[in-house]
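Enquirer: Dropping a structure here in structure tokens format, bear with me for questions.
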Amino acid sequence: MSVTSLKYKTKLGTLAAPGDVDPGAMIPIATTLLATTASTITFSNITREYEHLQIRLLGVSGATYSEIAFNSDFGANYSWHQLQTDATTITVGGGASANQIYAAQLGSSTSVPSITIIDILDYSNTSKNKTVKLLNAVDANGSGFIYFRSGAWMNTNAISTIRIAAQGSTGTFASGTHVALYGIKRAGA
Amino acid sequence: MAYTYSKIATYTVGSTSVPSIDFVNITQTYTDLLIKISARTVRSAVEDGLYMTINGQTSTGFRDLEGNGSTASSVSTSSYGNNWVTRINGGTSTSTSFSNVDIYIPNYTSSNIKAISVDGVMENNATTSYMNLVAALGAIPSTGITSLSFGCNANFVEHTTFHLYGIKAEI
């Protein structure tokens, strides 16, 4: 199949010159690719020019779980809930007035990566608490699990900093962990 | 991916709450549709139902996997009424908390029946809070989807937002 480079294609009739491609609504903001171990991964100085945020995490770790917190608030200002299956049973759980939101469940082995997509709507809207939704999966070739999780930061401040920590900062993410932060622009004008 | 993800329209509820939100004259120039919803209603309960009508027609069925903080259940949503798609924050959930819902509709310009994927959560600073994974089988219009209407059992409150995006398979 022949492939045409994106720079020679146009999306709108008003765009003609190479490079005049509409980048669409989903914009990469920052990426972290770990070359060495780290207990936390932080995105700082997040601007307010987008409507939503999405994080795509490939987690490589011997830890079992990770957590997410905003704007360096580690007080009891979060809630979380989850629906989980290991392909045999379905379980639920949750917590109120927690110190962080449970994020990606990790593979407990650096040979078992986990994948997670985290959506944060209206992250800069100062009239809303911030609600997080994530889908997370780990497959260990014979075992594995899927998590569907929600969480809230009970604060209406705009999110400017996101910290993802491995097992309460006592664990580590290993080399090869990849985290990408995207901004999603407001739909319409 | 980024190049195929396009903005179509946003509806933000103003200071007066509203019973429904409509997207009309949806162009047929994309491959899939994605609706991102941050919603809350005035219903006097922790949660409310979100309902979606396609081209003004009654949808035909939904299957739901739900967690509520204490139990998991799998139900046919016919018991919730036609067009139900997920739960969202009601008026007695934690104040200023809004749901986080994605509705994905692939191949929306087809005249075939529409398969719809919904993943939605509503947060509440308590044990009870709802999360839903829903497979939906939409209406069978003779044309592609040109309008979407969203409702609830009460009114949507101020700051509720519905964002409609178009996804292109290629550009």
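Simple scheme: letters A, B, ... for chains in structure tokens order, numbers from 1 for residues in each chain, numbers from 1 for ligands in the order shown.
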For chain B versus chain A, which residues have an atom no more than 10 Å away, and what is each residue's nearest atom pair and distance in Å rounded to one decimal, using only C-alpha atoms, chain-then-number order, as a Markdown table?
Expert:
```
| residue | atom | partner | partner_atom | distance |
| --- | --- | --- | --- | --- |
| B:Met1 | CA | A:Met26 | CA | 7.8 |
| B:Ala2 | CA | A:Met26 | CA | 4.8 |
| B:Tyr3 | CA | A:Gly24 | CA | 4.9 |
| B:Thr4 | CA | A:Gly24 | CA | 6.3 |
| B:Tyr5 | CA | A:Gly24 | CA | 5.2 |
| B:Ser6 | CA | A:Gly24 | CA | 4.9 |
| B:Lys7 | CA | A:Ala187 | CA | 4.1 |
| B:Ile8 | CA | A:Gly188 | CA | 4.8 |
| B:Ala9 | CA | A:Gly188 | CA | 3.8 |
| B:Thr10 | CA | A:Ala187 | CA | 5.1 |
| B:Tyr11 | CA | A:Ala187 | CA | 8.8 |
| B:Ile35 | CA | A:Ala187 | CA | 9.5 |
| B:Lys36 | CA | A:Leu121 | CA | 7.9 |
| B:Ile37 | CA | A:Leu121 | CA | 8.0 |
| B:Ser38 | CA | A:Leu121 | CA | 6.7 |
| B:Leu65 | CA | A:Leu83 | CA | 9.2 |
| B:Glu66 | CA | A:Leu83 | CA | 7.8 |
| B:Gly67 | CA | A:Leu83 | CA | 5.7 |
| B:Asn68 | CA | A:Val92 | CA | 7.6 |
| B:Gly69 | CA | A:Gly93 | CA | 5.3 |
| B:Ser70 | CA | A:Val92 | CA | 6.2 |
| B:Thr71 | CA | A:Val92 | CA | 6.0 |
| B:Ala72 | CA | A:Val92 | CA | 6.3 |
| B:Ser73 | CA | A:Ile90 | CA | 9.0 |
| B:Thr94 | CA | A:Met154 | CA | 8.5 |
| B:Ser95 | CA | A:Asn129 | CA | 8.2 |
| B:Thr96 | CA | A:Lys128 | CA | 5.0 |
| B:Ser97 | CA | A:Asn129 | CA | 5.1 |
| B:Phe98 | CA | A:Thr131 | CA | 6.7 |
| B:Ser99 | CA | A:Thr131 | CA | 6.7 |
| B:Asn100 | CA | A:Thr131 | CA | 6.2 |
| B:Val101 | CA | A:Lys133 | CA | 8.1 |
| B:Asp102 | CA | A:Asp119 | CA | 9.3 |
| B:Asp119 | CA | A:Lys133 | CA | 8.7 |
| B:Gly120 | CA | A:Lys133 | CA | 7.6 |
| B:Val121 | CA | A:Ser150 | CA | 6.1 |
| B:Met122 | CA | A:Ser150 | CA | 7.5 |
| B:Glu123 | CA | A:Ala152 | CA | 6.0 |
| B:Asn124 | CA | A:Ser79 | CA | 7.0 |
| B:Asn125 | CA | A:Ala96 | CA | 4.9 |
| B:Ala126 | CA | A:Ala96 | CA | 5.1 |
| B:Thr127 | CA | A:Gly94 | CA | 6.3 |
| B:Thr128 | CA | A:Gly94 | CA | 8.3 |
| B:Ser129 | CA | A:His81 | CA | 7.1 |
| B:Tyr130 | CA | A:His81 | CA | 8.2 |
| B:Met131 | CA | A:Ser150 | CA | 7.4 |
| B:Asn132 | CA | A:Phe148 | CA | 8.9 |
| B:Leu133 | CA | A:Phe148 | CA | 8.6 |
| B:Glu158 | CA | A:Ser127 | CA | 9.3 |
| B:His159 | CA | A:Ser127 | CA | 7.2 |
| B:Thr160 | CA | A:Lys128 | CA | 9.4 |
| B:Thr161 | CA | A:Asp122 | CA | 8.6 |
| B:Phe162 | CA | A:Ala187 | CA | 8.8 |
| B:His163 | CA | A:Ala187 | CA | 5.5 |
| B:Leu164 | CA | A:Ala187 | CA | 6.0 |
| B:Tyr165 | CA | A:Ala187 | CA | 6.2 |
| B:Gly166 | CA | A:Ala187 | CA | 9.3 |
| B:Ile167 | CA | A:Gly24 | CA | 9.5 |
| B:Glu170 | CA | A:Lys11 | CA | 9.5 |
| B:Ile171 | CA | A:Lys11 | CA | 5.9 |
```
Enquirer: Please extract the residues of range 12-116 of chain A with a backbone DSSP assignment of strand (DSSP E) and present them as JSON, numbers by chain.
Expert: {"A": [26, 27, 28, 29, 30, 31, 32, 33, 40, 41, 42, 43, 52, 53, 54, 55, 56, 57, 58, 59, 60, 61, 65, 66, 67, 68, 69, 70, 78, 79, 80, 81, 82, 83, 84, 85, 90, 91, 92, 93, 94, 95, 96, 97, 98, 101, 102, 103, 104, 105, 109, 110, 111, 112, 113, 114, 115, 116]}
Enquirer: Kindly give the distance, in Å, that separates CA of Ala115 in chain B and CA of Ala136 in chain B, rounded to a single decimal.
Expert: 5.9 Å
Enquirer: Provide the CA of Leu50 in chain B to CA of Leu137 in chain B distance in Å, to one decimal place.
Expert: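 Going from CA of Leu50 in chain B over to CA of Leu137 in chain B covers 15.6 Å.
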Enquirer: Val85 in chain B: which residues within 9 Å, counting only C-alpha atoms, same-chain residues fewer than 2 positions away excluded, as a list in words?
Expert: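 Contacts, in chain order: Gly49, Leu50, Tyr51, Met52, Phe62, Asp64, Thr77, Asn82, Asn83, Arg87, Ile103, Val118, Gly120, Asn132, Val134, Ala135 and Ala136 of chain B.
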Enquirer: Output N, CA and C atoms of each residue in that selection to a file, as a PDB file, in the first residue's frame.
Expert:
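Contents of the output file part.pdb:
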```pdb
ATOM      1  N   GLY B  49     -30.259   9.453  35.062  1.00  0.00           N
ATOM      2  CA  GLY B  49     -29.998   8.749  33.814  1.00  0.00           C
ATOM      3  C   GLY B  49     -29.725   9.733  32.697  1.00  0.00           C
ATOM      4  N   LEU B  50     -28.831   9.327  31.809  1.00  0.00           N
ATOM      5  CA  LEU B  50     -28.597  10.102  30.588  1.00  0.00           C
ATOM      6  C   LEU B  50     -29.220   9.330  29.436  1.00  0.00           C
ATOM      7  N   TYR B  51     -29.986  10.000  28.622  1.00  0.00           N
ATOM      8  CA  TYR B  51     -30.701   9.366  27.514  1.00  0.00           C
ATOM      9  C   TYR B  51     -30.254   9.992  26.194  1.00  0.00           C
ATOM     10  N   MET B  52     -30.116   9.163  25.177  1.00  0.00           N
ATOM     11  CA  MET B  52     -29.682   9.657  23.876  1.00  0.00           C
ATOM     12  C   MET B  52     -30.639   9.187  22.786  1.00  0.00           C
ATOM     13  N   PHE B  62     -29.855  -1.754  24.981  1.00  0.00           N
ATOM     14  CA  PHE B  62     -28.560  -1.495  25.572  1.00  0.00           C
ATOM     15  C   PHE B  62     -28.233  -2.605  26.555  1.00  0.00           C
ATOM     16  N   ASP B  64     -25.544  -3.272  29.861  1.00  0.00           N
ATOM     17  CA  ASP B  64     -24.778  -2.428  30.764  1.00  0.00           C
ATOM     18  C   ASP B  64     -24.036  -3.261  31.794  1.00  0.00           C
ATOM     19  N   THR B  77     -30.693  -2.551  29.826  1.00  0.00           N
ATOM     20  CA  THR B  77     -31.176  -1.238  30.231  1.00  0.00           C
ATOM     21  C   THR B  77     -32.593  -0.955  29.762  1.00  0.00           C
ATOM     22  N   ASN B  82     -36.298   3.398  27.285  1.00  0.00           N
ATOM     23  CA  ASN B  82     -35.652   3.541  25.987  1.00  0.00           C
ATOM     24  C   ASN B  82     -34.636   4.668  25.993  1.00  0.00           C
ATOM     25  N   ASN B  83     -33.568   4.448  25.272  1.00  0.00           N
ATOM     26  CA  ASN B  83     -32.553   5.469  25.015  1.00  0.00           C
ATOM     27  C   ASN B  83     -31.613   5.738  26.177  1.00  0.00           C
ATOM     28  N   ARG B  87     -25.313   6.500  33.668  1.00  0.00           N
ATOM     29  CA  ARG B  87     -25.693   7.354  34.798  1.00  0.00           C
ATOM     30  C   ARG B  87     -24.785   8.575  34.848  1.00  0.00           C
ATOM     31  N   ILE B 103     -19.057   8.746  24.603  1.00  0.00           N
ATOM     32  CA  ILE B 103     -19.921   7.929  23.744  1.00  0.00           C
ATOM     33  C   ILE B 103     -19.277   7.871  22.366  1.00  0.00           C
ATOM     34  N   VAL B 118     -20.248   3.044  25.159  1.00  0.00           N
ATOM     35  CA  VAL B 118     -20.344   4.105  26.170  1.00  0.00           C
ATOM     36  C   VAL B 118     -19.507   3.711  27.376  1.00  0.00           C
ATOM     37  N   GLY B 120     -18.823   5.547  31.044  1.00  0.00           N
ATOM     38  CA  GLY B 120     -19.177   6.724  31.820  1.00  0.00           C
ATOM     39  C   GLY B 120     -18.976   6.518  33.303  1.00  0.00           C
ATOM     40  N   ASN B 132     -20.286   2.915  34.471  1.00  0.00           N
ATOM     41  CA  ASN B 132     -21.015   2.090  33.514  1.00  0.00           C
ATOM     42  C   ASN B 132     -20.207   1.866  32.249  1.00  0.00           C
ATOM     43  N   VAL B 134     -21.200   0.379  28.640  1.00  0.00           N
ATOM     44  CA  VAL B 134     -22.465   0.082  27.969  1.00  0.00           C
ATOM     45  C   VAL B 134     -22.222  -0.225  26.491  1.00  0.00           C
ATOM     46  N   ALA B 135     -22.818  -1.302  26.041  1.00  0.00           N
ATOM     47  CA  ALA B 135     -22.880  -1.602  24.614  1.00  0.00           C
ATOM     48  C   ALA B 135     -24.292  -1.299  24.151  1.00  0.00           C
ATOM     49  N   ALA B 136     -24.406  -0.494  23.149  1.00  0.00           N
ATOM     50  CA  ALA B 136     -25.735  -0.064  22.719  1.00  0.00           C
ATOM     51  C   ALA B 136     -25.935  -0.388  21.251  1.00  0.00           C
TER      52      ALA B 136
END
```
Enquirer: Select, from A:Ala35, A:Ala158, A:Leu57, A:Ala63, the residue with the minimum atom-to-atom distance to Leu106 in chain A, counting only C-alpha atoms.
Expert: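 Distance minimum relative to Leu106 in chain A lands on A:Ala63.
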Enquirer: Taking only C-alpha atoms into account, which of A:Thr110, A:Gly183, A:Ala87, A:Gly59 comes nearest Gly142 in chain A?
Expert: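 Of A:Thr110, A:Gly183, A:Ala87, A:Gly59, the one nearest Gly142 in chain A, counting only C-alpha atoms, is A:Ala87.
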Enquirer: Can you work out the spacing between CA of Thr85 in chain A and CA of Ser74 in chain B in Å, to one decimal?
Expert: 13.1 Å
